[in-house]
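Participant: You'll find upload_1.pdb just under this line, and it carries PDB, C-alpha atoms.
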```
ATOM      1  CA  MET A   1      67.412  91.373  57.002  1.00  0.00           C
ATOM      2  CA  SER A   2      65.774  90.395  53.693  1.00  0.00           C
ATOM      3  CA  ILE A   3      63.888  87.114  53.289  1.00  0.00           C
ATOM      4  CA  ALA A   4      66.425  85.902  50.719  1.00  0.00           C
ATOM      5  CA  ARG A   5      69.277  86.563  53.119  1.00  0.00           C
ATOM      6  CA  VAL A   6      67.518  84.778  55.974  1.00  0.00           C
ATOM      7  CA  TYR A   7      66.860  81.809  53.682  1.00  0.00           C
ATOM      8  CA  MET A   8      70.498  81.719  52.560  1.00  0.00           C
ATOM      9  CA  TYR A   9      71.720  81.954  56.171  1.00  0.00           C
ATOM     10  CA  ARG A  10      69.439  79.097  57.270  1.00  0.00           C
ATOM     11  CA  THR A  11      70.400  76.957  54.278  1.00  0.00           C
ATOM     12  CA  CYS A  12      74.114  77.528  54.915  1.00  0.00           C
ATOM     13  CA  THR A  13      73.684  76.718  58.604  1.00  0.00           C
ATOM     14  CA  CYS A  14      71.806  73.502  57.780  1.00  0.00           C
ATOM     15  CA  LEU A  15      74.473  72.508  55.263  1.00  0.00           C
ATOM     16  CA  ILE A  16      77.259  73.055  57.775  1.00  0.00           C
ATOM     17  CA  LEU A  17      75.383  71.032  60.393  1.00  0.00           C
ATOM     18  CA  LEU A  18      74.732  68.263  57.872  1.00  0.00           C
ATOM     19  CA  PHE A  19      78.394  67.965  56.979  1.00  0.00           C
ATOM     20  CA  SER A  20      79.540  68.335  60.561  1.00  0.00           C
ATOM     21  CA  LEU A  21      77.593  65.170  61.368  1.00  0.00           C
ATOM     22  CA  CYS A  22      79.734  63.347  58.829  1.00  0.00           C
ATOM     23  CA  ILE A  23      82.979  65.164  59.551  1.00  0.00           C
ATOM     24  CA  CYS A  24      83.042  65.090  63.334  1.00  0.00           C
ATOM     25  CA  PRO A  25      84.162  61.877  64.912  1.00  0.00           C
ATOM     26  CA  GLY A  26      81.129  60.506  66.645  1.00  0.00           C
ATOM     27  CA  VAL A  27      79.443  57.462  67.941  1.00  0.00           C
ATOM     28  CA  GLN A  28      76.590  55.688  66.236  1.00  0.00           C
ATOM     29  CA  ALA A  29      73.547  54.553  68.158  1.00  0.00           C
ATOM     30  CA  ASP A  30      75.033  51.085  68.621  1.00  0.00           C
ATOM     31  CA  GLY A  31      78.174  52.572  70.183  1.00  0.00           C
ATOM     32  CA  ILE A  32      80.440  51.788  67.226  1.00  0.00           C
ATOM     33  CA  ARG A  33      82.344  54.579  65.506  1.00  0.00           C
ATOM     34  CA  PRO A  34      81.810  54.666  61.755  1.00  0.00           C
ATOM     35  CA  SER A  35      84.874  53.764  59.741  1.00  0.00           C
ATOM     36  CA  GLU A  36      86.738  56.462  57.856  1.00  0.00           C
ATOM     37  CA  SER A  37      85.536  54.930  54.589  1.00  0.00           C
ATOM     38  CA  ASN A  38      81.904  54.990  55.724  1.00  0.00           C
ATOM     39  CA  VAL A  39      82.247  58.654  56.697  1.00  0.00           C
ATOM     40  CA  LYS A  40      83.661  59.469  53.247  1.00  0.00           C
ATOM     41  CA  SER A  41      80.864  57.509  51.583  1.00  0.00           C
ATOM     42  CA  ALA A  42      78.218  59.415  53.569  1.00  0.00           C
ATOM     43  CA  MET A  43      79.921  62.717  52.805  1.00  0.00           C
ATOM     44  CA  LEU A  44      79.974  61.926  49.086  1.00  0.00           C
ATOM     45  CA  PHE A  45      76.283  60.986  49.175  1.00  0.00           C
ATOM     46  CA  ASN A  46      75.432  64.320  50.830  1.00  0.00           C
ATOM     47  CA  MET A  47      77.788  66.224  48.537  1.00  0.00           C
ATOM     48  CA  ILE A  48      76.036  64.938  45.408  1.00  0.00           C
ATOM     49  CA  LYS A  49      72.919  66.819  46.504  1.00  0.00           C
ATOM     50  CA  PHE A  50      74.825  70.047  45.808  1.00  0.00           C
ATOM     51  CA  VAL A  51      76.254  69.078  42.409  1.00  0.00           C
ATOM     52  CA  ASP A  52      74.602  69.602  39.024  1.00  0.00           C
ATOM     53  CA  TRP A  53      75.686  68.009  35.767  1.00  0.00           C
ATOM     54  CA  PRO A  54      75.237  69.632  32.356  1.00  0.00           C
ATOM     55  CA  GLN A  55      72.160  68.824  30.339  1.00  0.00           C
ATOM     56  CA  GLY A  56      72.595  65.472  28.625  1.00  0.00           C
ATOM     57  CA  ALA A  57      75.052  64.056  31.170  1.00  0.00           C
ATOM     58  CA  ILE A  58      72.196  62.054  32.658  1.00  0.00           C
ATOM     59  CA  SER A  59      69.987  60.769  29.856  1.00  0.00           C
ATOM     60  CA  ALA A  60      66.459  61.141  31.283  1.00  0.00           C
ATOM     61  CA  ASP A  61      64.676  62.385  34.381  1.00  0.00           C
ATOM     62  CA  SER A  62      64.270  58.828  35.634  1.00  0.00           C
ATOM     63  CA  SER A  63      67.805  57.654  34.797  1.00  0.00           C
ATOM     64  CA  PRO A  64      69.950  56.577  37.733  1.00  0.00           C
ATOM     65  CA  ILE A  65      73.000  58.391  39.056  1.00  0.00           C
ATOM     66  CA  THR A  66      75.871  56.013  38.389  1.00  0.00           C
ATOM     67  CA  VAL A  67      78.867  55.923  40.708  1.00  0.00           C
ATOM     68  CA  CYS A  68      81.793  54.020  39.194  1.00  0.00           C
ATOM     69  CA  VAL A  69      84.608  52.790  41.402  1.00  0.00           C
ATOM     70  CA  LEU A  70      88.028  52.290  39.822  1.00  0.00           C
ATOM     71  CA  GLY A  71      90.701  50.564  41.863  1.00  0.00           C
ATOM     72  CA  LYS A  72      90.627  48.760  45.178  1.00  0.00           C
ATOM     73  CA  GLY A  73      90.394  50.124  48.668  1.00  0.00           C
ATOM     74  CA  PRO A  74      88.043  50.488  51.607  1.00  0.00           C
ATOM     75  CA  PHE A  75      86.492  53.768  50.379  1.00  0.00           C
ATOM     76  CA  GLY A  76      85.323  52.167  47.136  1.00  0.00           C
ATOM     77  CA  ALA A  77      83.995  49.149  49.009  1.00  0.00           C
ATOM     78  CA  ALA A  78      82.060  51.390  51.440  1.00  0.00           C
ATOM     79  CA  LEU A  79      80.273  52.983  48.484  1.00  0.00           C
ATOM     80  CA  ASP A  80      78.460  49.702  47.819  1.00  0.00           C
ATOM     81  CA  ALA A  81      76.085  50.699  50.641  1.00  0.00           C
ATOM     82  CA  LEU A  82      74.816  53.541  48.428  1.00  0.00           C
ATOM     83  CA  HIS A  83      73.600  51.128  45.729  1.00  0.00           C
ATOM     84  CA  GLY A  84      69.829  51.401  45.472  1.00  0.00           C
ATOM     85  CA  GLU A  85      69.563  54.613  47.508  1.00  0.00           C
ATOM     86  CA  ASN A  86      67.454  57.468  46.151  1.00  0.00           C
ATOM     87  CA  LEU A  87      69.116  60.785  45.429  1.00  0.00           C
ATOM     88  CA  LYS A  88      67.595  63.775  43.658  1.00  0.00           C
ATOM     89  CA  GLY A  89      64.657  61.553  42.696  1.00  0.00           C
ATOM     90  CA  ARG A  90      66.966  59.025  41.041  1.00  0.00           C
ATOM     91  CA  ALA A  91      68.253  55.625  42.033  1.00  0.00           C
ATOM     92  CA  VAL A  92      71.962  55.353  42.779  1.00  0.00           C
ATOM     93  CA  ILE A  93      73.861  52.578  41.041  1.00  0.00           C
ATOM     94  CA  VAL A  94      77.377  51.625  42.129  1.00  0.00           C
ATOM     95  CA  ARG A  95      79.549  49.833  39.552  1.00  0.00           C
ATOM     96  CA  HIS A  96      83.110  48.594  39.988  1.00  0.00           C
ATOM     97  CA  ILE A  97      85.155  49.027  36.828  1.00  0.00           C
ATOM     98  CA  ASN A  98      88.622  47.875  35.774  1.00  0.00           C
ATOM     99  CA  GLN A  99      89.684  50.715  33.490  1.00  0.00           C
ATOM    100  CA  VAL A 100      88.764  54.370  33.162  1.00  0.00           C
ATOM    101  CA  GLN A 101      87.313  53.920  29.675  1.00  0.00           C
ATOM    102  CA  GLU A 102      84.429  52.005  31.275  1.00  0.00           C
ATOM    103  CA  ALA A 103      83.357  55.218  33.072  1.00  0.00           C
ATOM    104  CA  GLY A 104      81.725  56.765  29.999  1.00  0.00           C
ATOM    105  CA  ASN A 105      78.180  56.412  31.383  1.00  0.00           C
ATOM    106  CA  CYS A 106      79.099  57.341  34.955  1.00  0.00           C
ATOM    107  CA  GLN A 107      78.307  60.648  36.606  1.00  0.00           C
ATOM    108  CA  ILE A 108      80.784  60.040  39.437  1.00  0.00           C
ATOM    109  CA  LEU A 109      84.124  58.279  39.238  1.00  0.00           C
ATOM    110  CA  VAL A 110      85.682  57.294  42.554  1.00  0.00           C
ATOM    111  CA  VAL A 111      89.360  56.521  42.168  1.00  0.00           C
ATOM    112  CA  GLY A 112      90.601  54.016  44.725  1.00  0.00           C
ATOM    113  CA  ASP A 113      94.070  52.629  45.238  1.00  0.00           C
ATOM    114  CA  VAL A 114      95.694  52.850  41.820  1.00  0.00           C
ATOM    115  CA  ASP A 115      99.238  53.390  40.636  1.00  0.00           C
ATOM    116  CA  ARG A 116     100.319  57.042  40.878  1.00  0.00           C
ATOM    117  CA  ARG A 117     101.014  57.127  37.118  1.00  0.00           C
ATOM    118  CA  ALA A 118      97.482  55.905  36.465  1.00  0.00           C
ATOM    119  CA  VAL A 119      96.040  58.946  38.272  1.00  0.00           C
ATOM    120  CA  THR A 120      97.445  61.268  35.605  1.00  0.00           C
ATOM    121  CA  SER A 121      95.907  59.255  32.764  1.00  0.00           C
ATOM    122  CA  ILE A 122      92.574  58.971  34.619  1.00  0.00           C
ATOM    123  CA  ILE A 123      92.431  62.740  35.120  1.00  0.00           C
ATOM    124  CA  GLU A 124      93.362  63.349  31.471  1.00  0.00           C
ATOM    125  CA  TRP A 125      90.667  60.939  30.267  1.00  0.00           C
ATOM    126  CA  THR A 126      87.946  62.565  32.386  1.00  0.00           C
ATOM    127  CA  ARG A 127      89.071  66.186  31.928  1.00  0.00           C
ATOM    128  CA  GLN A 128      86.573  67.068  29.163  1.00  0.00           C
ATOM    129  CA  GLN A 129      83.757  64.826  30.361  1.00  0.00           C
ATOM    130  CA  PRO A 130      80.947  65.642  32.795  1.00  0.00           C
ATOM    131  CA  ILE A 131      82.197  63.195  35.410  1.00  0.00           C
ATOM    132  CA  LEU A 132      82.696  64.185  39.038  1.00  0.00           C
ATOM    133  CA  THR A 133      86.066  62.648  39.938  1.00  0.00           C
ATOM    134  CA  VAL A 134      86.557  61.831  43.620  1.00  0.00           C
ATOM    135  CA  SER A 135      89.369  60.181  45.553  1.00  0.00           C
ATOM    136  CA  ASP A 136      91.077  59.965  48.902  1.00  0.00           C
ATOM    137  CA  LEU A 137      94.496  59.579  47.276  1.00  0.00           C
ATOM    138  CA  PRO A 138      97.001  62.211  48.438  1.00  0.00           C
ATOM    139  CA  ASN A 139      96.860  65.479  46.413  1.00  0.00           C
ATOM    140  CA  PHE A 140      94.154  64.152  44.091  1.00  0.00           C
ATOM    141  CA  ALA A 141      92.363  67.495  43.715  1.00  0.00           C
ATOM    142  CA  GLN A 142      95.651  69.350  43.325  1.00  0.00           C
ATOM    143  CA  ALA A 143      96.536  66.962  40.471  1.00  0.00           C
ATOM    144  CA  GLY A 144      93.318  67.782  38.597  1.00  0.00           C
ATOM    145  CA  GLY A 145      90.624  65.653  40.229  1.00  0.00           C
ATOM    146  CA  VAL A 146      87.453  67.487  41.260  1.00  0.00           C
ATOM    147  CA  VAL A 147      87.064  66.318  44.889  1.00  0.00           C
ATOM    148  CA  GLY A 148      89.740  65.014  47.203  1.00  0.00           C
ATOM    149  CA  PHE A 149      89.156  63.750  50.713  1.00  0.00           C
ATOM    150  CA  ILE A 150      91.822  64.560  53.267  1.00  0.00           C
ATOM    151  CA  GLU A 151      92.316  64.017  56.971  1.00  0.00           C
ATOM    152  CA  GLN A 152      92.973  67.192  58.911  1.00  0.00           C
ATOM    153  CA  GLU A 153      93.202  67.441  62.686  1.00  0.00           C
ATOM    154  CA  GLY A 154      91.672  63.993  63.028  1.00  0.00           C
ATOM    155  CA  LYS A 155      88.631  64.857  60.891  1.00  0.00           C
ATOM    156  CA  ILE A 156      87.699  64.037  57.328  1.00  0.00           C
ATOM    157  CA  ARG A 157      87.541  67.136  55.149  1.00  0.00           C
ATOM    158  CA  PHE A 158      87.335  67.687  51.419  1.00  0.00           C
ATOM    159  CA  VAL A 159      89.131  69.741  48.821  1.00  0.00           C
ATOM    160  CA  ILE A 160      87.455  70.920  45.625  1.00  0.00           C
ATOM    161  CA  ASN A 161      89.333  71.832  42.474  1.00  0.00           C
ATOM    162  CA  ILE A 162      87.082  74.448  40.887  1.00  0.00           C
ATOM    163  CA  THR A 163      89.136  74.591  37.691  1.00  0.00           C
ATOM    164  CA  ALA A 164      88.613  70.859  37.138  1.00  0.00           C
ATOM    165  CA  ALA A 165      84.891  71.161  37.922  1.00  0.00           C
ATOM    166  CA  GLN A 166      84.538  73.977  35.380  1.00  0.00           C
ATOM    167  CA  GLN A 167      86.434  72.018  32.714  1.00  0.00           C
ATOM    168  CA  GLN A 168      84.131  69.079  33.285  1.00  0.00           C
ATOM    169  CA  LYS A 169      81.078  71.405  33.195  1.00  0.00           C
ATOM    170  CA  ILE A 170      80.030  70.364  36.677  1.00  0.00           C
ATOM    171  CA  ARG A 171      78.330  73.028  38.787  1.00  0.00           C
ATOM    172  CA  ILE A 172      78.969  72.900  42.500  1.00  0.00           C
ATOM    173  CA  ASN A 173      76.604  74.852  44.719  1.00  0.00           C
ATOM    174  CA  SER A 174      78.246  77.825  46.425  1.00  0.00           C
ATOM    175  CA  LEU A 175      77.065  76.542  49.812  1.00  0.00           C
ATOM    176  CA  LEU A 176      79.208  73.447  49.354  1.00  0.00           C
ATOM    177  CA  LEU A 177      82.148  75.541  48.165  1.00  0.00           C
ATOM    178  CA  LYS A 178      81.947  77.613  51.368  1.00  0.00           C
ATOM    179  CA  ILE A 179      82.756  74.619  53.548  1.00  0.00           C
ATOM    180  CA  ALA A 180      85.412  73.104  51.266  1.00  0.00           C
ATOM    181  CA  ARG A 181      89.052  73.939  50.881  1.00  0.00           C
ATOM    182  CA  ILE A 182      89.396  75.283  47.324  1.00  0.00           C
ATOM    183  CA  VAL A 183      92.314  74.585  44.999  1.00  0.00           C
ATOM    184  CA  GLN A 184      92.864  75.345  41.347  1.00  0.00           C
ATOM    185  CA  ASP A 185      94.640  73.356  38.688  1.00  0.00           C
ATOM    186  CA  PRO A 186      98.230  74.385  38.204  1.00  0.00           C
ATOM    187  CA  SER A 187      97.777  73.979  34.422  1.00  0.00           C
TER     188      SER A 187
END
```
Can you turn what I pasted into structure tokens?
Facilitator:
Amino acid sequence: MSIARVYMYRTCTCLILLFSLCICPGVQADGIRPSESNVKSAMLFNMIKFVDWPQGAISADSSPITVCVLGKGPFGAALDALHGENLKGRAVIVRHINQVQEAGNCQILVVGDVDRRAVTSIIEWTRQQPILTVSDLPNFAQAGGVVGFIEQEGKIRFVINITAAQQQKIRINSLLLKIARIVQDPS
């Protein structure tokens, strides 16, 4: 087996183990199960490590990665724990916004509990922008969002819409795509 293949196999195995820690229901050291929202927040944090934005989407090497949260809900609230964390050598900033137009300087837009009609306008607004859209709303990725969290067999999983990611010029590492369920935009 070639060195490159061994490296790829080990990297893929590590990635699967990393996500299985977040996906599998488990017990924390203090004996308390993490909430579903905390699991999704941790998964998103780990997922970002495998996402690249186009040049210019983040202004400078030292600029923070900004996660904007639109709408209410426990998933958006759980993301507050990421504020101040370090990711890819950058600080993570979490901002709560009231309308999608405020997401212009965000690299990630997490859509919480919003009206179903609002989802369509949010997806349309972000479609040509380098913003990773994420939600746990039903069929979010199928509707044109980039990442949707779903519950399947009692575990949190994620769906990636590769068409939406390509339109938004977001590159998702193939290792992440291997463990996701893939959908494509119907449009």
Participant: Let me make sure I understand: among A:Val146, A:Cys106, A:Val119, A:Cys68, which one has the smallest atom-to-atom distance to Val94 of chain A if we use all atoms listed in the file?
Facilitator: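 Counting all atoms listed in the file, the residue closest to Val94 of chain A is A:Cys68.
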Participant: Using 12 Å as the limit and counting only C-alpha atoms, can you tabulate each residue of segment 105-185 of chain A that touches segment 44-67 of chain A, with its shortest atom-to-atom distance in Å and the two atoms involved, as JSON lines?
Facilitator:
```
{"residue": "A:Asn105", "atom": "CA", "partner": "A:Thr66", "partner_atom": "CA", "distance": 7.4}
{"residue": "A:Cys106", "atom": "CA", "partner": "A:Thr66", "partner_atom": "CA", "distance": 4.9}
{"residue": "A:Gln107", "atom": "CA", "partner": "A:Thr66", "partner_atom": "CA", "distance": 5.5}
{"residue": "A:Ile108", "atom": "CA", "partner": "A:Val67", "partner_atom": "CA", "distance": 4.7}
{"residue": "A:Leu109", "atom": "CA", "partner": "A:Val67", "partner_atom": "CA", "distance": 5.9}
{"residue": "A:Val110", "atom": "CA", "partner": "A:Val67", "partner_atom": "CA", "distance": 7.2}
{"residue": "A:Val111", "atom": "CA", "partner": "A:Val67", "partner_atom": "CA", "distance": 10.6}
{"residue": "A:Gln129", "atom": "CA", "partner": "A:Ala57", "partner_atom": "CA", "distance": 8.8}
{"residue": "A:Pro130", "atom": "CA", "partner": "A:Ala57", "partner_atom": "CA", "distance": 6.3}
{"residue": "A:Ile131", "atom": "CA", "partner": "A:Trp53", "partner_atom": "CA", "distance": 8.1}
{"residue": "A:Leu132", "atom": "CA", "partner": "A:Trp53", "partner_atom": "CA", "distance": 8.6}
{"residue": "A:Thr133", "atom": "CA", "partner": "A:Val67", "partner_atom": "CA", "distance": 9.9}
{"residue": "A:Val134", "atom": "CA", "partner": "A:Leu44", "partner_atom": "CA", "distance": 8.6}
{"residue": "A:Ser135", "atom": "CA", "partner": "A:Leu44", "partner_atom": "CA", "distance": 10.2}
{"residue": "A:Asp136", "atom": "CA", "partner": "A:Leu44", "partner_atom": "CA", "distance": 11.3}
{"residue": "A:Val146", "atom": "CA", "partner": "A:Val51", "partner_atom": "CA", "distance": 11.4}
{"residue": "A:Val147", "atom": "CA", "partner": "A:Leu44", "partner_atom": "CA", "distance": 9.3}
{"residue": "A:Gly148", "atom": "CA", "partner": "A:Leu44", "partner_atom": "CA", "distance": 10.4}
{"residue": "A:Phe149", "atom": "CA", "partner": "A:Leu44", "partner_atom": "CA", "distance": 9.5}
{"residue": "A:Ile156", "atom": "CA", "partner": "A:Leu44", "partner_atom": "CA", "distance": 11.5}
{"residue": "A:Arg157", "atom": "CA", "partner": "A:Leu44", "partner_atom": "CA", "distance": 11.0}
{"residue": "A:Phe158", "atom": "CA", "partner": "A:Leu44", "partner_atom": "CA", "distance": 9.6}
{"residue": "A:Val159", "atom": "CA", "partner": "A:Met47", "partner_atom": "CA", "distance": 11.9}
{"residue": "A:Ile160", "atom": "CA", "partner": "A:Met47", "partner_atom": "CA", "distance": 11.1}
{"residue": "A:Ala165", "atom": "CA", "partner": "A:Val51", "partner_atom": "CA", "distance": 10.0}
{"residue": "A:Gln166", "atom": "CA", "partner": "A:Trp53", "partner_atom": "CA", "distance": 10.7}
{"residue": "A:Gln167", "atom": "CA", "partner": "A:Pro54", "partner_atom": "CA", "distance": 11.5}
{"residue": "A:Gln168", "atom": "CA", "partner": "A:Trp53", "partner_atom": "CA", "distance": 8.9}
{"residue": "A:Lys169", "atom": "CA", "partner": "A:Pro54", "partner_atom": "CA", "distance": 6.2}
{"residue": "A:Ile170", "atom": "CA", "partner": "A:Trp53", "partner_atom": "CA", "distance": 5.0}
{"residue": "A:Arg171", "atom": "CA", "partner": "A:Asp52", "partner_atom": "CA", "distance": 5.1}
{"residue": "A:Ile172", "atom": "CA", "partner": "A:Val51", "partner_atom": "CA", "distance": 4.7}
{"residue": "A:Asn173", "atom": "CA", "partner": "A:Phe50", "partner_atom": "CA", "distance": 5.2}
{"residue": "A:Ser174", "atom": "CA", "partner": "A:Phe50", "partner_atom": "CA", "distance": 8.5}
{"residue": "A:Leu175", "atom": "CA", "partner": "A:Phe50", "partner_atom": "CA", "distance": 8.0}
{"residue": "A:Leu176", "atom": "CA", "partner": "A:Phe50", "partner_atom": "CA", "distance": 6.6}
{"residue": "A:Leu177", "atom": "CA", "partner": "A:Phe50", "partner_atom": "CA", "distance": 9.5}
{"residue": "A:Lys178", "atom": "CA", "partner": "A:Phe50", "partner_atom": "CA", "distance": 11.8}
{"residue": "A:Ile179", "atom": "CA", "partner": "A:Met47", "partner_atom": "CA", "distance": 11.0}
{"residue": "A:Ala180", "atom": "CA", "partner": "A:Met47", "partner_atom": "CA", "distance": 10.6}
```
Participant: Atom CA of Gly145 of chain A and atom CA of Gly89 of chain A are how many Å apart?
Facilitator: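 If I compute the distance from atom CA of Gly145 of chain A to atom CA of Gly89 of chain A, I get 26.4 Å.
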Participant: Give the answer as one residue: which of A:Lys88, A:Gly71, A:Ile182, A:Ala81 has the shortest atom-to-atom distance to Leu137 of chain A, using only C-alpha atoms?
Facilitator: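 Among the listed residues, A:Gly71 lies closest to Leu137 of chain A.
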Participant: Got a sec: who's within 10 Å of Asp80 of chain A, counting all atoms listed in the file, leaving out chain neighbours fewer than 5 positions off, as a PyMOL selection string?
Facilitator: chain A and resi 41+67+69+75+92-96
Participant: For the atom pair atom CA of Glu124 of chain A and atom CA of Gln101 of chain A, what is the interatomic distance in Å to one decimal place?
Facilitator: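 Taking atom CA of Glu124 of chain A and atom CA of Gln101 of chain A, their separation equals 11.3 Å.
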Participant: Do you have the atom CA of Ala103 of chain A-atom CA of Ala118 of chain A distance handy?
Facilitator: 14.5 Å
Participant: Under the PyMOL selection byres ((chain A and resi 72) around 7), which residues of this model are included? Write them out as a list in words.
Facilitator: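 Given this file, the PyMOL selection byres ((chain A and resi 72) around 7) evaluates to Leu70, Gly71, Gly73, Gly76, Gly112 and Asp113 of chain A.
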Participant: I need the residue nearest Asn161 of chain A from this list: A:Val39, A:Ala77, A:Gln184, A:Asn139. Use all atoms listed in the file for the distance.
Facilitator: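 Checking each candidate against Asn161 of chain A, we get A:Gln184 as the closest.
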Participant: Residues within 12 Å of Ser121 of chain A, please, as a list of chain:residue names. Count all atoms listed in the file; anything in the same chain fewer than 5 positions from it doesn't count.
Facilitator: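 The residues that qualify are A:Gln99, A:Val100, A:Gln101, A:Val111, A:Val114, A:Asp115, A:Arg116, A:Thr126, A:Arg127, A:Ala143, A:Gly144, A:Gly145.
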Participant: Restricting the calculation to all atoms listed in the file, which member of A:Asn98, A:Gly104, A:Ser35, A:Glu151 is positioned closest to Pro74 of chain A?
Facilitator: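 Smallest separation from Pro74 of chain A among the options: A:Ser35.
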Participant: Output as JSON the centre and edge lengths (Å, one decimal) of the box along x, y and z of the file that holds every listed atom of segment 123-135 of chain A after adding 6 Å on each side.
Facilitator:
```
{"center_x": 87.2, "center_y": 63.6, "center_z": 37.4, "size_x": 24.4, "size_y": 18.9, "size_z": 28.4}
```
